[in-house]
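J.: Supplied structure: work-v5.cif, mmCIF, C-alpha atoms.
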data_upload
loop_
_atom_site.label_atom_id
_atom_site.label_comp_id
_atom_site.auth_asym_id
_atom_site.auth_seq_id
_atom_site.Cartn_x
_atom_site.Cartn_y
_atom_site.Cartn_z
CA MET E 1 -322.10 102.62 -73.07
CA GLU E 2 -318.73 101.63 -74.49
CA MET E 3 -317.11 103.40 -71.57
CA LEU E 4 -319.16 101.34 -69.12
CA GLU E 5 -318.24 98.10 -70.84
CA MET E 6 -314.57 99.02 -70.68
CA LEU E 7 -314.90 99.83 -67.00
CA ARG E 8 -316.61 96.47 -66.39
CA ASP E 9 -313.85 94.57 -68.16
CA GLN E 10 -311.19 96.42 -66.18
CA VAL E 11 -312.88 95.76 -62.84
CA THR E 12 -313.68 92.11 -63.47
CA ALA E 13 -310.18 91.31 -64.78
CA SER E 14 -308.83 91.72 -61.23
CA PRO E 15 -308.46 88.58 -59.08
CA LEU E 16 -310.05 90.59 -56.28
CA PHE E 17 -313.33 90.80 -58.21
CA GLY E 18 -314.23 87.12 -57.81
CA VAL E 19 -313.39 87.19 -54.10
CA PHE E 20 -315.35 90.43 -53.65
CA LEU E 21 -318.47 89.21 -55.48
CA THR E 22 -318.43 85.89 -53.57
CA ILE E 23 -318.25 87.62 -50.20
CA ILE E 24 -320.98 90.12 -51.17
CA GLY E 25 -323.14 87.25 -52.47
CA TYR E 26 -322.60 85.37 -49.22
CA LEU E 27 -323.50 88.36 -47.04
CA ILE E 28 -326.69 89.04 -49.02
CA GLY E 29 -327.52 85.29 -48.99
CA VAL E 30 -327.20 85.13 -45.20
CA TYR E 31 -329.27 88.33 -44.86
CA ILE E 32 -332.11 87.01 -47.05
CA ASN E 33 -332.08 83.70 -45.15
CA LYS E 34 -332.36 85.54 -41.80
CA LYS E 35 -335.23 87.71 -43.07
CA MET E 36 -337.21 84.90 -44.72
CA GLY E 37 -336.24 82.08 -42.34
CA LYS E 38 -337.42 79.29 -44.68
CA ALA E 39 -335.26 76.39 -45.90
CA ILE E 40 -335.96 77.18 -49.54
CA PHE E 41 -334.27 80.56 -48.93
CA ASN E 42 -331.13 78.90 -47.50
CA SER E 43 -328.01 81.03 -47.64
CA LEU E 44 -326.19 78.78 -50.14
CA LEU E 45 -328.99 78.88 -52.71
CA MET E 46 -329.53 82.62 -52.21
CA SER E 47 -325.78 83.28 -52.62
CA PHE E 48 -325.84 81.32 -55.91
CA VAL E 49 -328.77 83.44 -57.11
CA VAL E 50 -327.01 86.72 -56.24
CA VAL E 51 -323.65 85.81 -57.80
CA ILE E 52 -325.06 84.11 -60.92
CA GLY E 53 -327.60 86.93 -61.33
CA THR E 54 -324.82 89.54 -61.18
CA LEU E 55 -322.67 87.67 -63.71
CA LEU E 56 -325.56 87.25 -66.15
CA PHE E 57 -326.98 90.76 -65.72
CA PHE E 58 -323.66 92.53 -66.37
CA ARG E 59 -322.56 89.89 -68.92
CA ILE E 60 -319.40 89.18 -66.95
CA PRO E 61 -317.44 86.18 -68.34
CA ILE E 62 -317.33 83.29 -65.86
CA ASP E 63 -313.57 83.02 -66.49
CA ASN E 64 -313.08 86.51 -65.07
CA TYR E 65 -315.07 85.56 -61.95
CA ASN E 66 -313.08 82.34 -61.61
CA ILE E 67 -309.71 84.08 -61.22
CA GLY E 68 -310.80 85.14 -57.74
CA GLY E 69 -313.37 82.38 -57.27
CA ASN E 70 -310.68 79.72 -57.57
CA MET E 71 -308.78 81.34 -54.71
CA ILE E 72 -311.79 80.68 -52.48
CA THR E 73 -312.31 77.14 -53.82
CA ASN E 74 -308.67 76.39 -52.98
CA CYS E 75 -309.51 77.03 -49.33
CA LEU E 76 -312.05 74.15 -49.31
CA ALA E 77 -309.41 71.74 -47.97
CA PRO E 78 -308.83 73.53 -44.62
CA VAL E 79 -312.59 74.15 -44.35
CA THR E 80 -313.25 70.41 -44.67
CA ALA E 81 -310.40 69.55 -42.30
CA VAL E 82 -311.82 71.65 -39.44
CA LEU E 83 -314.91 69.42 -39.43
CA ALA E 84 -312.63 67.26 -37.25
CA ILE E 85 -313.20 69.71 -34.42
CA SER E 86 -316.93 68.98 -34.38
CA ILE E 87 -316.25 65.24 -33.94
CA TYR E 88 -313.79 66.03 -31.16
CA ARG E 89 -316.28 68.29 -29.38
CA GLN E 90 -318.92 65.52 -29.47
CA ARG E 91 -316.50 62.72 -28.52
CA GLN E 92 -318.39 61.81 -25.33
CA LYS E 93 -321.68 61.29 -27.21
CA VAL E 94 -319.82 59.43 -30.00
CA LYS E 95 -318.21 57.07 -27.50
CA GLU E 96 -321.50 56.32 -25.72
CA ASN E 97 -323.42 55.66 -28.96
CA LEU E 98 -320.74 54.39 -31.31
CA ILE E 99 -322.64 51.29 -32.49
CA PRO E 100 -325.97 53.01 -33.36
CA ILE E 101 -324.00 55.83 -35.05
CA LEU E 102 -321.94 53.43 -37.16
CA VAL E 103 -324.89 51.18 -38.06
CA GLY E 104 -327.19 54.10 -38.89
CA THR E 105 -324.78 56.21 -40.95
CA THR E 106 -323.44 53.15 -42.81
CA ALA E 107 -326.91 51.82 -43.68
CA GLY E 108 -328.03 55.31 -44.67
CA SER E 109 -324.96 56.08 -46.78
CA ILE E 110 -325.24 52.77 -48.64
CA THR E 111 -328.93 53.51 -49.31
CA SER E 112 -328.07 57.01 -50.51
CA VAL E 113 -325.39 55.86 -52.97
CA PHE E 114 -327.36 52.92 -54.38
CA SER E 115 -330.67 54.78 -54.68
CA MET E 116 -328.88 57.59 -56.56
CA LEU E 117 -327.35 55.00 -58.91
CA LEU E 118 -330.80 53.54 -59.47
CA PHE E 119 -332.39 56.93 -60.24
CA ALA E 120 -329.47 57.84 -62.50
CA LYS E 121 -330.03 54.67 -64.48
CA LEU E 122 -333.80 55.27 -64.58
CA PHE E 123 -333.38 58.84 -65.87
CA GLY E 124 -330.48 57.97 -68.20
CA PHE E 125 -327.89 60.32 -66.63
CA ASP E 126 -324.41 60.17 -68.16
CA TRP E 127 -321.53 59.14 -65.86
CA ALA E 128 -320.34 62.69 -65.10
CA THR E 129 -323.82 63.72 -63.92
CA THR E 130 -324.26 60.47 -61.96
CA ALA E 131 -320.88 60.88 -60.28
CA SER E 132 -321.85 64.43 -59.31
CA VAL E 133 -325.06 63.49 -57.49
CA ILE E 134 -323.99 60.18 -55.89
CA PRO E 135 -322.66 62.02 -52.78
CA LYS E 136 -325.65 64.44 -52.56
CA SER E 137 -326.49 63.56 -48.93
CA VAL E 138 -323.05 64.37 -47.49
CA THR E 139 -321.74 67.79 -46.55
CA THR E 140 -320.99 69.95 -49.60
CA ALA E 141 -317.24 70.11 -48.89
CA ILE E 142 -316.87 66.32 -48.97
CA SER E 143 -319.45 65.94 -51.73
CA ILE E 144 -317.44 68.19 -54.08
CA ALA E 145 -314.29 66.20 -53.26
CA ILE E 146 -316.03 62.87 -54.02
CA ALA E 147 -317.54 64.16 -57.29
CA ASP E 148 -314.08 65.39 -58.27
CA THR E 149 -312.47 62.00 -57.55
CA LEU E 150 -315.15 60.14 -59.53
CA GLY E 151 -314.98 62.45 -62.54
CA GLY E 152 -318.16 64.47 -61.89
CA TYR E 153 -318.90 68.21 -61.91
CA ALA E 154 -318.37 70.12 -58.65
CA ALA E 155 -321.19 72.49 -59.64
CA ILE E 156 -323.82 69.74 -60.04
CA ALA E 157 -322.56 68.16 -56.80
CA ALA E 158 -323.20 71.45 -55.00
CA ILE E 159 -326.70 71.67 -56.52
CA GLY E 160 -327.45 68.07 -55.46
CA CYS E 161 -326.44 68.97 -51.90
CA VAL E 162 -328.71 72.03 -51.95
CA ILE E 163 -331.67 69.87 -53.06
CA ALA E 164 -331.09 67.06 -50.51
CA GLY E 165 -330.28 69.61 -47.78
CA SER E 166 -333.22 71.96 -48.28
CA THR E 167 -335.84 69.25 -48.79
CA GLY E 168 -334.48 67.43 -45.72
CA ASN E 169 -334.65 70.65 -43.74
CA MET E 170 -338.27 71.30 -44.76
CA LEU E 171 -339.59 67.72 -44.49
CA SER E 172 -337.74 66.24 -41.49
CA PRO E 173 -340.33 67.11 -38.78
CA PHE E 174 -343.00 65.48 -40.98
CA LEU E 175 -340.77 62.46 -41.81
CA ILE E 176 -340.07 61.83 -38.12
CA LYS E 177 -343.84 61.51 -37.61
CA ILE E 178 -344.76 59.31 -40.58
CA PHE E 179 -341.78 56.98 -40.04
CA HIS E 180 -342.51 56.80 -36.27
CA LEU E 181 -338.95 57.70 -35.28
CA THR E 182 -339.57 58.09 -31.56
CA ASP E 183 -335.94 58.05 -30.45
CA PRO E 184 -334.19 61.46 -30.52
CA VAL E 185 -330.82 59.81 -31.40
CA ALA E 186 -332.45 58.09 -34.41
CA GLN E 187 -334.07 61.39 -35.44
CA GLY E 188 -330.77 63.29 -35.34
CA LEU E 189 -328.79 60.62 -37.19
CA ALA E 190 -331.49 60.28 -39.88
CA ILE E 191 -331.50 64.05 -40.50
CA GLY E 192 -327.70 64.42 -40.61
CA THR E 193 -327.12 61.35 -42.80
CA SER E 194 -329.77 62.31 -45.36
CA SER E 195 -329.44 66.10 -45.50
CA HIS E 196 -326.10 67.17 -43.96
CA ALA E 197 -325.64 70.69 -42.52
CA LEU E 198 -328.82 72.19 -44.00
CA GLY E 199 -330.85 69.46 -42.30
CA THR E 200 -328.85 69.87 -39.09
CA SER E 201 -330.02 73.46 -38.70
CA LYS E 202 -333.57 72.06 -38.46
CA ALA E 203 -332.43 69.25 -36.13
CA ILE E 204 -331.05 71.89 -33.74
CA GLU E 205 -334.51 73.54 -33.71
CA ILE E 206 -336.18 70.18 -32.95
CA GLY E 207 -333.98 69.49 -29.94
CA GLU E 208 -330.50 69.52 -28.42
CA ILE E 209 -329.91 65.75 -28.75
CA GLN E 210 -331.23 65.74 -32.32
CA GLY E 211 -328.91 68.63 -33.23
CA ALA E 212 -325.83 66.97 -31.71
CA PHE E 213 -326.41 63.62 -33.41
CA SER E 214 -327.26 65.26 -36.71
CA SER E 215 -323.89 67.05 -36.71
CA ILE E 216 -322.12 63.83 -35.68
CA ALA E 217 -323.82 62.08 -38.63
CA ILE E 218 -322.44 64.68 -41.08
CA THR E 219 -318.81 63.66 -40.59
CA PHE E 220 -319.51 59.94 -40.21
CA ALA E 221 -321.73 59.80 -43.33
CA GLY E 222 -319.14 61.86 -45.22
CA LEU E 223 -316.32 59.52 -44.32
CA ILE E 224 -318.33 56.35 -44.94
CA THR E 225 -319.55 57.64 -48.31
CA VAL E 226 -315.93 58.32 -49.34
CA ILE E 227 -315.09 54.71 -48.46
CA ILE E 228 -318.18 53.25 -50.20
CA THR E 229 -317.50 55.15 -53.45
CA LEU E 230 -313.85 54.16 -53.25
CA LEU E 231 -314.71 50.46 -52.92
CA LEU E 232 -317.42 50.61 -55.59
CA PHE E 233 -315.84 52.66 -58.33
CA ILE E 234 -312.11 52.87 -57.81
CA ALA E 235 -311.05 49.48 -56.46
CA MET P 236 -300.96 87.19 -34.92
CA LYS P 237 -302.84 84.44 -33.10
CA ALA P 238 -305.24 83.81 -35.99
CA PHE P 239 -302.38 83.56 -38.48
CA LYS P 240 -300.46 81.19 -36.24
CA GLU P 241 -303.56 78.99 -36.09
CA PHE P 242 -304.06 79.22 -39.83
CA ALA P 243 -300.44 78.20 -40.43
CA ILE P 244 -300.90 75.11 -38.23
CA LEU P 245 -304.10 74.19 -40.08
CA LEU P 246 -302.50 74.66 -43.51
CA GLY P 247 -299.50 72.60 -42.38
CA VAL P 248 -301.79 69.68 -41.48
CA CYS P 249 -303.61 70.06 -44.82
CA LEU P 250 -300.30 70.01 -46.70
CA ILE P 251 -299.32 66.77 -44.96
CA GLY P 252 -302.78 65.38 -45.85
CA GLU P 253 -302.25 66.35 -49.47
CA VAL P 254 -298.85 64.65 -49.63
CA ILE P 255 -300.23 61.45 -48.07
CA SER P 256 -303.16 61.53 -50.52
CA ARG P 257 -300.73 61.72 -53.45
CA LEU P 258 -298.65 58.83 -52.09
CA LEU P 259 -301.70 56.56 -51.71
CA PRO P 260 -302.11 54.00 -54.52
CA PHE P 261 -305.83 54.93 -54.90
CA PRO P 262 -307.53 58.35 -55.21
CA PHE P 263 -308.71 59.54 -51.80
CA PRO P 264 -309.84 63.18 -51.30
CA ALA P 265 -306.95 65.06 -49.67
CA SER P 266 -309.34 67.29 -47.71
CA VAL P 267 -311.03 64.29 -46.07
CA LEU P 268 -307.62 62.80 -45.30
CA SER P 269 -306.63 66.06 -43.61
CA MET P 270 -309.83 65.90 -41.57
CA ILE P 271 -308.95 62.37 -40.36
CA LEU P 272 -305.37 63.45 -39.65
CA LEU P 273 -306.53 66.48 -37.67
CA CYS P 274 -308.97 64.35 -35.67
CA ILE P 275 -306.22 61.85 -34.79
CA LEU P 276 -303.90 64.71 -33.76
CA PHE P 277 -306.61 66.10 -31.43
CA PHE P 278 -306.56 62.85 -29.46
CA THR P 279 -302.77 63.07 -29.02
CA PRO P 280 -300.83 65.63 -26.96
CA ILE P 281 -299.24 66.99 -30.19
CA LEU P 282 -302.13 69.27 -31.16
CA LYS P 283 -304.96 70.34 -28.89
CA PRO P 284 -308.10 71.76 -30.61
CA GLU P 285 -307.67 74.99 -28.61
CA LYS P 286 -304.55 75.69 -30.71
CA ILE P 287 -306.66 76.29 -33.82
CA GLU P 288 -310.00 77.20 -32.25
CA THR P 289 -310.33 80.80 -33.51
CA VAL P 290 -309.74 79.92 -37.15
CA ALA P 291 -311.76 76.69 -36.91
CA ASN P 292 -314.79 78.55 -35.53
CA LEU P 293 -314.50 81.21 -38.25
CA LEU P 294 -314.35 78.58 -41.02
CA LEU P 295 -317.04 76.30 -39.54
CA GLY P 296 -319.40 79.23 -38.98
CA ASN P 297 -319.04 80.47 -42.57
CA MET P 298 -318.61 77.22 -44.51
CA VAL P 299 -321.22 78.19 -47.09
CA LEU P 300 -318.98 80.97 -48.43
CA PHE P 301 -316.47 78.42 -49.70
CA PHE P 302 -319.03 76.46 -51.72
CA ILE P 303 -320.26 79.45 -53.73
CA PRO P 304 -317.62 79.53 -56.55
CA SER P 305 -318.09 75.76 -57.15
CA GLY P 306 -321.87 76.10 -57.41
CA VAL P 307 -321.67 79.17 -59.65
CA GLN P 308 -319.95 77.01 -62.30
CA ILE P 309 -323.46 75.68 -62.99
CA ILE P 310 -323.62 78.51 -65.57
CA LYS P 311 -321.32 76.38 -67.72
CA TYR P 312 -323.78 73.48 -67.65
CA ALA P 313 -326.87 75.54 -68.47
CA ASP P 314 -327.90 73.19 -71.29
CA LEU P 315 -327.53 70.07 -69.16
CA VAL P 316 -329.50 71.63 -66.31
CA ARG P 317 -332.26 72.94 -68.61
CA ASP P 318 -333.05 69.38 -69.72
CA THR P 319 -332.48 67.49 -66.48
CA TRP P 320 -333.29 69.83 -63.58
CA TRP P 321 -336.57 68.09 -62.74
CA LYS P 322 -334.90 64.68 -62.91
CA LEU P 323 -332.14 65.88 -60.57
CA LEU P 324 -334.79 67.28 -58.22
CA ILE P 325 -336.84 64.06 -58.12
CA ALA P 326 -333.77 61.80 -57.84
CA CYS P 327 -332.21 63.80 -54.99
CA LEU P 328 -335.53 64.20 -53.14
CA PHE P 329 -336.51 60.52 -53.22
CA SER P 330 -332.99 59.31 -52.48
CA MET P 331 -332.97 61.68 -49.48
CA LEU P 332 -336.32 60.22 -48.26
CA LEU P 333 -335.00 56.64 -48.56
CA THR P 334 -331.75 57.55 -46.80
CA PHE P 335 -333.69 59.23 -43.98
CA PHE P 336 -335.97 56.21 -43.55
CA VAL P 337 -333.23 53.56 -43.62
CA THR P 338 -330.94 55.50 -41.25
CA GLY P 339 -333.74 56.11 -38.76
CA GLU P 340 -334.99 52.52 -38.83
CA ALA P 341 -331.45 51.08 -38.59
CA VAL P 342 -330.76 53.18 -35.49
CA MET P 343 -334.12 52.32 -33.87
CA ILE P 344 -333.56 48.58 -34.42
CA THR P 345 -329.95 48.76 -33.16
CA ILE P 346 -330.94 50.62 -29.98
CA ARG P 347 -333.79 48.16 -29.36
CA LEU P 348 -331.48 45.14 -29.78
CA MET P 349 -328.83 46.70 -27.51
CA ASN P 350 -331.40 47.43 -24.79
CA ARG P 351 -332.74 43.88 -24.95
CA ARG P 352 -329.22 42.50 -24.63
CA LYS P 353 -328.51 44.76 -21.68
CA LYS P 354 -331.71 43.60 -19.95
CA ASN P 355 -330.88 39.95 -20.57
CA GLY P 356 -327.36 40.53 -19.27
CA ASN P 357 -328.66 42.05 -16.05
CA ALA P 358 -331.22 39.29 -15.44
#
Take the structure I supplied and represent it as structure tokens, if you would.

T.:
Amino acid sequence: MEMLEMLRDQVTASPLFGVFLTIIGYLIGVYINKKMGKAIFNSLLMSFVVVIGTLLFFRIPIDNYNIGGNMITNCLAPVTAVLAISIYRQRQKVKENLIPILVGTTAGSITSVFSMLLFAKLFGFDWATTASVIPKSVTTAISIAIADTLGGYAAIAAIGCVIAGSTGNMLSPFLIKIFHLTDPVAQGLAIGTSSHALGTSKAIEIGEIQGAFSSIAITFAGLITVIITLLLFIA
Amino acid sequence: MKAFKEFAILLGVCLIGEVISRLLPFPFPASVLSMILLCILFFTPILKPEKIETVANLLLGNMVLFFIPSGVQIIKYADLVRDTWWKLLIACLFSMLLTFFVTGEAVMITIRLMNRRKKNGNA
């Protein structure tokens, strides 16, 4: 037993361990998602379960995991930057529908930020928790960056994104019906603004136009939410 | 070779974004600044998206991987989450519903107004 513990400490002390476990967790997460095909089994949530489960089961200190984990987190900047390519690819659609896109994503982002503030007040969240969930409707990459700037926890920000994303993914076909959103552009923008990439995967299933506008909404809502939070809390 | 060349270009843009972010008098996420910078560059002859396409597709297709270490830190906040998980769930769910509704309605109204204006213009 002592031998095993020593072996564990040796293995997990390597920076490669965190990178290795993250990639394995990701691969298993994607596999489970493909097999189950339901939003609640989304690859992000499943990856969390695999990695956290492994750390807890083998009693691996989070600091050991973080040596490698931080290397991956440091790559978030280029991952966020390449979102630019999705705007560029959709530039024709953006140009043709610029006003509805701007009006919709701005109105939605303002609603998202203020309703989160309201709920935070109602539930008595402290500032760090509030700051973490304010950007919950935008893509996780930008959400973590906003939470960071406002003094929140990246981890809670990621969890907020998983909640908004998976519930949006599951409920959006139903919401389109009860809110009578007959226009496919309105459907796509509503899904992308409220539940980012996780919602967009459902929008793509609903239709091609819905999918395109949902992915356009991700970057616009992300950018607008950065500006709103900047004006509200920093200026 | 090609992939590394692309990655170098992408990292170069991100480094410029980071420097600009530090020079700004207010805190603005460097990653979002790099995204804006990259988007502007795409519309100029300096950098065409094809120049970084391989790496961009790899990163965009596997974005989730990069969020895992951040989310795993939730272990550190076990106490906070134990007490507030249901509040977080309700808050995020209802805020998502409101955001969905307002976005959808705002777009529907805007499109309707624009169509009416177009019709009036033609008449």

J.: Which residues fall under the PyMOL selection byres ((chain P) within 7 of (chain E)) in this file, as a ChimeraX atom specification?

T.: /P:245-246,249,262,264,266-267,269-271,273-274,284,291,294-295,298-301,303-309,322,324,326-328,330-331,333-339,341-343,345-346

J.: For the atom pair atom CA of E:His196 and atom CA of E:Lys93, what is the interatomic distance in Å to one decimal place?

T.: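 Atom CA of E:Lys93 lies 18.3 Å from atom CA of E:His196.
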
J.: Report the distance between atom CA of E:Asn33 and atom CA of E:Thr200 in Å, rounded to one decimal place.

T.: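 Computed distance, atom CA of E:Asn33 to atom CA of E:Thr200, equals 15.4 Å.
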
J.: Report the residues retrieved by the PyMOL selection byres ((chain P and resi 252) around 6) from the displayed file, expressed as a list in words.

T.: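 Against this file, the PyMOL selection byres ((chain P and resi 252) around 6) returns the residues Cys249, Leu250, Ile251, Glu253, Val254, Ile255, Ala265, Leu268 and Ser269 of chain P.
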
J.: Step by step, work through what the PyMOL selection byres ((chain P and resi 285) around 12) selects in the shown file, and finish by giving those residues as a VMD selection string.

T.: (chain E and resid 85 88 to 89) or (chain P and resid 237 to 238 241 244 277 280 to 284 286 to 292)

J.: In Å, with one decimal, what is the gap from atom CA of P:Ile310 to atom CA of P:Phe329?

T.: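 Rounded to one decimal, the two atoms are 25.3 Å apart.
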